[in-house]
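**Student:** Quick one: the structure is below, questions incoming.
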Amino acid sequence: MWLTYGTAGTVLFPVIYLIEGATRPDYNALQQAISALSLGPDGWIQQVNFALCGVSVLWLAFVWRQILRDGVCATLYPIIRGIEGVGLVAIAIFSQDPGYGYPPGAPAGAGPSTLGGTLHLSFTILVVQAMCLGLLVIAWRLWKTPHLRGWAAFSLACGLLPMVFMPFFVLAQNNPHSALAGYAGLFERLATNADTIWGTVLLIPLWAGKRLMRP
């Protein structure tokens, strides 16, 4: 049940930014980064969204420590999730710099750098790396149990997903004349929901009463 509460908080994150992206004037969800929603008069909504997601991930770190208890990755995985949660809270505090056409009047490319924007970017990189590493670590834990190797493969696939799509996001955002231009926001959204997808799918057998995690 506690795992469900934490996962629900992470699922709420994309729901909020999808609604915001669809209703925010002058914002193009296919093109703009999620973090751009933290700019402008209504930017506080996305900032709160980042913070709530971060708190949910921190809660999941605590819950997973109770679930795993001992064995392979019992401490390492919760620590990585904790780092991810702290990074998300930091992203909520430090907004990205205006640029890439948003908000209206911002440069078409990268705008002038500020300390806050640099910290935002640094913590964003940290969060994505922690997300990937956490999924790879839990895949290792699952692989140790033969009948869970299908789940290990699923975890590995989710961990590789950001590695596939984030380079496309960077290329699309920084090459306005390329074939990828205009889809940076889509690539980012595909890359950054890997652990939310993983956690949601994992709940299905747990709701059915199956025990997946064993030392």
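Labels for the structure tokens follow display order: chains A, B, ..., residues from 1 in each chain, ligands from 1.
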What's the 9 Å shell around A:Leu18, counting only C-alpha atoms, without same-chain residues fewer than 5 positions away, as number ranges by chain?
**Tutor:** A: 13, 23, 29, 34
**Student:** What lies within 10 Å of stretch 176-187 of chain A using only C-alpha atoms, ignoring chain neighbours under 6 positions off, as a PyMOL selection string?
**Tutor:** chain A and resi 28-36+100+108-109+162+164-170
**Student:** Which residue out of A:Pro104, A:Cys53, A:Thr196, A:Met131 has the minimum interatomic distance to A:Pro78 when only C-alpha atoms are used?
**Tutor:**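 Using only C-alpha atoms, A:Pro78 sits closest to A:Met131.
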**Student:** Quick one: residues within 7 Å of stretch 140-154 of chain A, only C-alpha atoms counted, chain neighbours fewer than 4 positions away excluded, as a compact mmCIF listing (two decimals) with N, CA, C and O atoms, in the first residue's frame?
**Tutor:**
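Full text of selection_8.txt as output:
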# COMPACT_ATOMS: atom_id res chain seq x y z
N VAL A 72 21.25 -8.44 -2.49
CA VAL A 72 21.85 -7.62 -3.54
C VAL A 72 21.10 -6.30 -3.69
O VAL A 72 19.89 -6.27 -3.84
N CYS A 73 21.81 -5.19 -3.61
CA CYS A 73 21.29 -3.84 -3.88
C CYS A 73 20.30 -3.33 -2.84
O CYS A 73 19.62 -2.32 -3.08
N LEU A 136 18.91 0.05 -13.60
CA LEU A 136 19.91 -0.97 -13.90
C LEU A 136 20.27 -1.76 -12.64
O LEU A 136 20.48 -2.98 -12.69
N CYS A 158 13.74 -0.40 -19.39
CA CYS A 158 13.34 0.91 -18.88
C CYS A 158 14.56 1.76 -18.56
O CYS A 158 14.56 2.98 -18.79
**Student:** What lies within 10 Å of A:Leu135 using only C-alpha atoms, ignoring chain neighbours under 6 positions off, as a count of residues only?
**Tutor:** 15
**Student:** For A:Thr124, which residue out of A:Gly21, A:Pro112, A:Gly87, A:Gly99 is the nearest one, using only C-alpha atoms?
**Tutor:**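 That would be A:Gly87, the residue with the smallest distance to A:Thr124.
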**Student:** Give me, as a PyMOL selection string, the residues of stretch 82-119 of chain A that a backbone DSSP run labels helix (DSSP H, G or I).
**Tutor:** chain A and resi 82-93+115-119
**Student:** Go ahead and save the residues from that selection, with C-alpha atoms, as a PDB file, in the first residue's frame.
**Tutor:**
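Saved file result.pdb follows:
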ATOM      1  CA  GLY A  82      16.972   9.148  -2.661  1.00  0.00           C
ATOM      2  CA  ILE A  83      19.479  11.060  -4.782  1.00  0.00           C
ATOM      3  CA  GLU A  84      16.904  11.227  -7.570  1.00  0.00           C
ATOM      4  CA  GLY A  85      14.304  12.611  -5.155  1.00  0.00           C
ATOM      5  CA  VAL A  86      16.653  15.268  -3.794  1.00  0.00           C
ATOM      6  CA  GLY A  87      17.520  16.272  -7.354  1.00  0.00           C
ATOM      7  CA  LEU A  88      13.854  16.734  -8.245  1.00  0.00           C
ATOM      8  CA  VAL A  89      13.296  18.972  -5.221  1.00  0.00           C
ATOM      9  CA  ALA A  90      16.333  21.023  -6.261  1.00  0.00           C
ATOM     10  CA  ILE A  91      14.919  21.350  -9.787  1.00  0.00           C
ATOM     11  CA  ALA A  92      11.781  22.785  -8.209  1.00  0.00           C
ATOM     12  CA  ILE A  93      13.834  25.435  -6.432  1.00  0.00           C
ATOM     13  CA  LEU A 115      23.514  30.480 -11.559  1.00  0.00           C
ATOM     14  CA  GLY A 116      19.971  29.233 -10.987  1.00  0.00           C
ATOM     15  CA  GLY A 117      19.668  27.954 -14.541  1.00  0.00           C
ATOM     16  CA  THR A 118      23.039  26.222 -14.343  1.00  0.00           C
ATOM     17  CA  LEU A 119      22.051  24.512 -11.090  1.00  0.00           C
TER      18      LEU A 119
END
**Student:** Figure out the distance between atom CA of A:Gly9 and atom CA of A:Ser56, please, to one decimal in Å.
**Tutor:**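 Separation between atom CA of A:Ser56 and atom CA of A:Gly9: 5.3 Å.
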**Student:** With only C-alpha atoms as the basis for distance, which of A:Val63, A:Leu121, A:Ala110, A:Leu37 is at the shortest distance from A:Asn174?
**Tutor:**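 Ranking A:Val63, A:Leu121, A:Ala110, A:Leu37 by distance to A:Asn174, first place goes to A:Ala110.
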